[in-house]
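Just query17.txt here, compact mmCIF, C-alpha atoms:
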# COMPACT_ATOMS: atom_id res chain seq x y z
CA MET A 1 30.68 -16.85 4.35
CA ASN A 2 28.63 -15.80 7.39
CA ILE A 3 29.71 -12.15 6.96
CA MET A 4 28.68 -12.29 3.30
CA SER A 5 25.26 -13.71 4.14
CA ASN A 6 24.70 -11.03 6.82
CA ASN A 7 25.63 -8.33 4.28
CA SER A 8 23.33 -9.98 1.72
CA LEU A 9 20.47 -9.84 4.20
CA LEU A 10 20.84 -6.07 4.22
CA LEU A 11 22.00 -5.45 0.67
CA PHE A 12 19.48 -7.46 -1.35
CA PRO A 13 16.26 -6.18 0.28
CA THR A 14 17.58 -2.60 0.21
CA ILE A 15 18.42 -2.80 -3.49
CA GLY A 16 15.08 -4.49 -4.18
CA CYS A 17 13.12 -1.80 -2.33
CA LEU A 18 15.00 0.95 -4.17
CA ILE A 19 14.30 -0.70 -7.53
CA VAL A 20 10.60 -1.11 -6.72
CA PHE A 21 10.37 2.48 -5.45
CA PHE A 22 12.09 3.89 -8.56
CA ILE A 23 9.94 1.83 -10.96
CA CYS A 24 6.78 3.01 -9.20
CA VAL A 25 7.74 6.68 -8.79
CA TYR A 26 9.31 7.16 -12.24
CA PRO A 27 6.02 7.89 -14.09
CA ARG A 28 5.25 10.62 -11.54
CA PHE A 29 8.37 12.68 -12.25
CA LYS A 30 6.71 14.30 -15.28
CA LYS A 31 3.16 14.37 -13.89
CA PRO A 32 3.25 14.44 -10.07
CA TYR A 33 -0.52 15.12 -9.78
CA TYR A 34 -1.59 12.41 -12.22
CA GLY A 35 -4.73 10.37 -11.65
CA VAL A 36 -8.39 10.75 -10.75
CA ASP A 37 -7.85 8.91 -7.47
CA THR A 38 -5.15 11.42 -6.53
CA TRP A 39 -7.57 14.32 -6.66
CA ARG A 40 -10.38 12.42 -4.98
CA ILE A 41 -8.16 11.40 -2.07
CA LEU A 42 -6.75 14.92 -1.75
CA LEU A 43 -10.30 16.32 -1.75
CA ILE A 44 -11.45 13.88 0.94
CA THR A 45 -8.29 14.57 2.98
CA ASP A 46 -8.94 18.33 2.84
CA TYR A 47 -12.55 17.79 3.91
CA LEU A 48 -11.40 15.62 6.82
CA ARG A 49 -8.81 18.17 7.88
CA LYS A 50 -11.34 21.02 7.73
CA TYR A 51 -14.48 19.39 9.23
CA LYS A 52 -12.94 16.53 11.29
CA ARG A 53 -15.40 14.04 9.77
CA PHE A 54 -16.00 12.28 6.47
CA PRO A 55 -18.38 13.80 3.90
CA LYS A 56 -21.88 12.36 3.58
CA THR A 57 -21.91 12.63 -0.21
CA LEU A 58 -19.35 13.00 -2.96
CA SER A 59 -18.48 16.47 -4.17
CA ALA A 60 -20.63 18.24 -6.73
CA GLN A 61 -17.58 18.02 -9.04
CA TYR A 62 -18.55 14.47 -9.99
CA ILE A 63 -21.12 13.64 -12.66
CA ILE A 64 -22.72 10.87 -10.61
CA GLN A 65 -23.79 11.91 -7.13
CA GLY A 66 -24.14 9.43 -4.32
CA PRO A 67 -23.35 8.70 -0.72
CA PHE A 68 -19.73 8.80 0.37
CA ASP A 69 -18.31 5.28 0.20
CA HIS A 70 -14.61 5.75 -0.46
CA PRO A 71 -12.13 3.72 1.68
CA VAL A 72 -11.23 5.89 4.66
CA ILE A 73 -7.88 4.78 6.12
CA LEU A 74 -5.51 6.42 3.61
CA SER A 75 -7.36 9.75 3.71
CA LEU A 76 -7.42 9.58 7.50
CA ILE A 77 -3.65 9.04 7.65
CA LEU A 78 -2.96 11.83 5.15
CA SER A 79 -5.19 14.25 7.05
CA LEU A 80 -2.72 14.08 9.96
CA PHE A 81 -0.25 16.06 7.83
CA SER A 82 -0.57 19.65 6.62
CA LYS A 83 -2.13 20.34 3.23
CA GLU A 84 1.17 21.70 1.92
CA THR A 85 3.11 18.59 2.99
CA VAL A 86 0.54 16.24 1.44
CA LEU A 87 0.47 18.20 -1.84
CA LYS A 88 4.26 18.31 -2.02
CA TYR A 89 4.87 14.62 -1.29
CA GLN A 90 1.67 12.85 -2.44
CA PHE A 91 3.44 11.48 -5.52
CA ILE A 92 5.72 9.28 -3.39
CA VAL A 93 3.06 7.84 -1.05
CA SER A 94 2.03 4.89 -3.24
CA PRO A 95 5.62 4.10 -4.34
CA LEU A 96 6.74 4.10 -0.68
CA VAL A 97 3.90 1.74 0.20
CA GLU A 98 4.95 -0.54 -2.67
CA ALA A 99 8.61 -0.45 -1.58
CA PHE A 100 7.56 -1.45 1.95
CA HIS A 101 5.34 -4.16 0.46
CA ALA A 102 8.33 -5.48 -1.50
CA LEU A 103 10.37 -5.53 1.72
CA LEU A 104 7.62 -7.49 3.47
CA LEU A 105 7.56 -10.00 0.61
CA PHE A 106 11.35 -10.33 0.80
CA VAL A 107 11.21 -11.03 4.56
CA PHE A 108 8.39 -13.55 4.20
CA THR A 109 10.01 -15.35 1.26
CA TYR A 110 13.33 -15.47 3.08
CA TYR A 111 11.56 -16.80 6.19
CA ILE A 112 9.99 -19.61 4.16
CA THR A 113 12.92 -20.50 1.89
CA GLY A 114 16.01 -19.35 3.81
CA ASP A 115 17.43 -18.21 0.45
CA VAL A 116 18.32 -14.53 -0.02
CA HIS A 117 18.38 -14.85 -3.81
CA VAL A 118 14.90 -16.39 -4.03
CA ALA A 119 13.57 -13.66 -1.71
CA PHE A 120 15.20 -10.97 -3.87
CA ILE A 121 13.72 -12.45 -7.05
CA ALA A 122 10.26 -12.56 -5.43
CA GLN A 123 10.66 -8.92 -4.44
CA ILE A 124 11.66 -7.84 -7.96
CA ILE A 125 8.95 -9.89 -9.67
CA TYR A 126 6.39 -8.16 -7.46
CA GLY A 127 7.83 -4.73 -8.31
CA LEU A 128 7.79 -5.44 -12.05
CA THR A 129 4.16 -6.57 -12.07
CA GLY A 130 2.29 -4.27 -14.42
CA MET A 131 -0.64 -3.66 -12.10
CA VAL A 132 1.68 -2.60 -9.27
CA VAL A 133 3.39 -0.03 -11.50
CA ILE A 134 0.13 1.26 -12.98
CA GLU A 135 -1.70 1.56 -9.66
CA SER A 136 1.18 3.20 -7.84
CA SER A 137 1.53 5.82 -10.58
CA GLN A 138 -1.13 7.82 -8.72
CA LEU A 139 -2.11 8.45 -5.13
CA SER A 140 -4.43 5.51 -4.69
CA SER A 141 -5.89 3.42 -1.91
CA ARG A 142 -5.12 0.31 -4.00
CA SER A 143 -1.45 0.18 -2.98
CA PHE A 144 -2.40 0.57 0.67
CA GLY A 145 -5.15 -2.04 0.26
CA THR A 146 -2.86 -4.64 -1.29
CA LEU A 147 -0.28 -4.06 1.45
CA ASN A 148 -2.97 -4.70 4.06
CA PHE A 149 -4.13 -7.74 2.10
CA THR A 150 -0.60 -9.18 2.32
CA MET A 151 -0.26 -8.22 5.98
CA ALA A 152 -3.52 -10.05 6.70
CA LEU A 153 -2.99 -13.07 4.46
CA LEU A 154 0.60 -13.99 5.34
CA PRO A 155 0.02 -14.29 9.11
CA LEU A 156 -3.18 -16.25 8.47
CA LEU A 157 -1.25 -18.67 6.23
CA LEU A 158 1.40 -18.99 8.93
CA TYR A 159 -1.34 -19.62 11.48
CA GLN A 160 -2.79 -22.35 9.25
CA ALA A 161 0.63 -24.01 9.07
CA THR A 162 1.70 -23.59 12.70
CA HIS A 163 -1.51 -23.04 14.73
CA ASN A 164 0.35 -20.27 16.55
CA ILE A 165 -2.36 -17.93 17.95
CA PRO A 166 -0.40 -14.64 17.61
CA TYR A 167 -0.35 -15.15 13.82
CA SER A 168 -4.14 -15.34 13.78
CA ILE A 169 -4.46 -12.21 15.93
CA VAL A 170 -2.19 -10.22 13.60
CA GLY A 171 -3.94 -11.56 10.50
CA ILE A 172 -7.43 -10.81 11.79
CA SER A 173 -6.34 -7.33 12.90
CA PHE A 174 -5.13 -6.54 9.41
CA LEU A 175 -8.33 -7.99 7.94
CA VAL A 176 -10.23 -5.37 9.95
CA VAL A 177 -7.93 -2.61 8.67
CA LEU A 178 -8.34 -4.02 5.16
CA CYS A 179 -12.11 -3.52 5.38
CA TYR A 180 -11.45 0.23 5.52
CA SER A 181 -8.56 0.25 3.03
CA HIS A 182 -9.81 -0.96 -0.35
CA ARG A 183 -12.92 -2.76 -1.56
CA MET A 184 -11.29 -4.83 -4.29
CA SER A 185 -8.78 -6.23 -1.81
CA ILE A 186 -11.67 -7.39 0.36
CA GLN A 187 -13.18 -9.11 -2.69
CA VAL A 188 -9.86 -10.84 -3.35
CA VAL A 189 -9.70 -12.04 0.28
CA PHE A 190 -13.23 -13.41 -0.07
CA LEU A 191 -12.42 -15.20 -3.36
CA PHE A 192 -9.07 -16.44 -2.04
CA SER A 193 -10.72 -17.82 1.09

Would you mind giving the structure from this file in structure tokens?
Amino acid sequence: MNIMSNNSLLLFPTIGCLIVFFICVYPRFKKPYYGVDTWRILLITDYLRKYKRFPKTLSAQYIIQGPFDHPVILSLILSLFSKETVLKYQFIVSPLVEAFHALLLFVFTYYITGDVHVAFIAQIIYGLTGMVVIESSQLSSRSFGTLNFTMALLPLLLYQATHNIPYSIVGISFLVVLCYSHRMSIQVVFLFS
């Protein structure tokens, strides 16, 4: 029985992550460059790569002009890679983030419940959520923002339950990263709090 449970601890989260990844990447097989956010992030990433700073205003390509206020972390990470690499693999960035998010949810649910099957179900329910599939069908800061939301919220909940200081340090650190990841996720943290 112990061997089976050890295998389940590897098998279930792996299968869950693969399912979530495939569900999220499937719409991109036909249209790998789909989405307004995709082009905006690629444009900002190119600007960062070329000038080593963020733009002061949005590009003249947009109807409404204004100061640059797009979340910066995802573009900053992508700018570390060559333009060719980012263009070739941009369609899997959000699905990979969602697969990692599903793995994190599996680990946390297993930690709380001690039940592999409940953790697997939580992972799959997350992956089948319509908003997750829709938002990860393009290169978007939303997937990265929701991952950071979870990585901030879960340690803070654990801190609330255990008063273990390292949980609060991790949670607050990810709250800072979240401030530069996605605005709506910050709003959700505020409303949730």

Q: Give the answer as one residue: which of A:Tyr34, A:Phe100, A:Phe91, A:Phe22 has the shortest atom-to-atom distance to Met151 (chain A), using all atoms listed in the file?
A: A:Phe100

Q: Figure out the distance between CA of Val93 (chain A) and CA of Leu11 (chain A), please, to one decimal in Å.
A: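 Separating CA of Leu11 (chain A) from CA of Val93 (chain A) is a distance of 23.2 Å.
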
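When CA of Tyr26 (chain A) is paired with CA of Val97 (chain A), their separation reads 14.6 Å.
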
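For the choices A:Ser168, A:Thr38, A:Thr57, A:Ser193, the atom-to-atom distance to Ser141 (chain A) is smallest for A:Thr38 when using only C-alpha atoms.
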
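Pairwise distance (CA of Thr45 (chain A), CA of Lys83 (chain A)) equals 8.4 Å.
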
Q: Check the smallest atom-to-atom distance from each of A:Arg28, A:His70, A:Arg142, A:His101 to Gly127 (chain A) using all atoms listed in the file, then report the winner.
A: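 Nearest to Gly127 (chain A): A:His101.
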
Q: Find, counting only C-alpha atoms, the residue in A:Ile172, A:Ala161, A:Leu76, A:Val188 that gets nearest to Asp46 (chain A).
A: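 Using only C-alpha atoms, Asp46 (chain A) sits closest to A:Leu76.
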
Excluding same-chain residues fewer than 4 positions from region 113-122 of chain A, what lies within 12 Å of it counting only C-alpha atoms, as a PDB file with C-alpha atoms, in the frame of the given file?
ATOM      1  CA  MET A   4      28.680 -12.290   3.300  1.00  0.00           C
ATOM      2  CA  SER A   5      25.260 -13.710   4.140  1.00  0.00           C
ATOM      3  CA  ASN A   6      24.700 -11.030   6.820  1.00  0.00           C
ATOM      4  CA  ASN A   7      25.630  -8.330   4.280  1.00  0.00           C
ATOM      5  CA  SER A   8      23.330  -9.980   1.720  1.00  0.00           C
ATOM      6  CA  LEU A   9      20.470  -9.840   4.200  1.00  0.00           C
ATOM      7  CA  LEU A  10      20.840  -6.070   4.220  1.00  0.00           C
ATOM      8  CA  LEU A  11      22.000  -5.450   0.670  1.00  0.00           C
ATOM      9  CA  PHE A  12      19.480  -7.460  -1.350  1.00  0.00           C
ATOM     10  CA  PRO A  13      16.260  -6.180   0.280  1.00  0.00           C
ATOM     11  CA  THR A  14      17.580  -2.600   0.210  1.00  0.00           C
ATOM     12  CA  ILE A  15      18.420  -2.800  -3.490  1.00  0.00           C
ATOM     13  CA  GLY A  16      15.080  -4.490  -4.180  1.00  0.00           C
ATOM     14  CA  CYS A  17      13.120  -1.800  -2.330  1.00  0.00           C
ATOM     15  CA  LEU A  18      15.000   0.950  -4.170  1.00  0.00           C
ATOM     16  CA  ILE A  19      14.300  -0.700  -7.530  1.00  0.00           C
ATOM     17  CA  VAL A  20      10.600  -1.110  -6.720  1.00  0.00           C
ATOM     18  CA  HIS A 101       5.340  -4.160   0.460  1.00  0.00           C
ATOM     19  CA  ALA A 102       8.330  -5.480  -1.500  1.00  0.00           C
ATOM     20  CA  LEU A 103      10.370  -5.530   1.720  1.00  0.00           C
ATOM     21  CA  LEU A 104       7.620  -7.490   3.470  1.00  0.00           C
ATOM     22  CA  LEU A 105       7.560 -10.000   0.610  1.00  0.00           C
ATOM     23  CA  PHE A 106      11.350 -10.330   0.800  1.00  0.00           C
ATOM     24  CA  VAL A 107      11.210 -11.030   4.560  1.00  0.00           C
ATOM     25  CA  PHE A 108       8.390 -13.550   4.200  1.00  0.00           C
ATOM     26  CA  THR A 109      10.010 -15.350   1.260  1.00  0.00           C
ATOM     27  CA  TYR A 126       6.390  -8.160  -7.460  1.00  0.00           C
ATOM     28  CA  GLY A 127       7.830  -4.730  -8.310  1.00  0.00           C
ATOM     29  CA  LEU A 128       7.790  -5.440 -12.050  1.00  0.00           C
ATOM     30  CA  THR A 129       4.160  -6.570 -12.070  1.00  0.00           C
TER      31      THR A 129
END

Q: Find, counting all atoms listed in the file, the residue in A:Tyr180, A:Tyr167, A:Trp39, A:Tyr33 that gets nearest to Ile92 (chain A).
A: A:Tyr33

Q | Residue nearest Arg40 (chain A) - candidates A:Ser82, A:Gln138, A:Ser94, A:Thr150, atoms counted: only C-alpha atoms | A |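 The answer is A:Gln138, which sits nearest to Arg40 (chain A).
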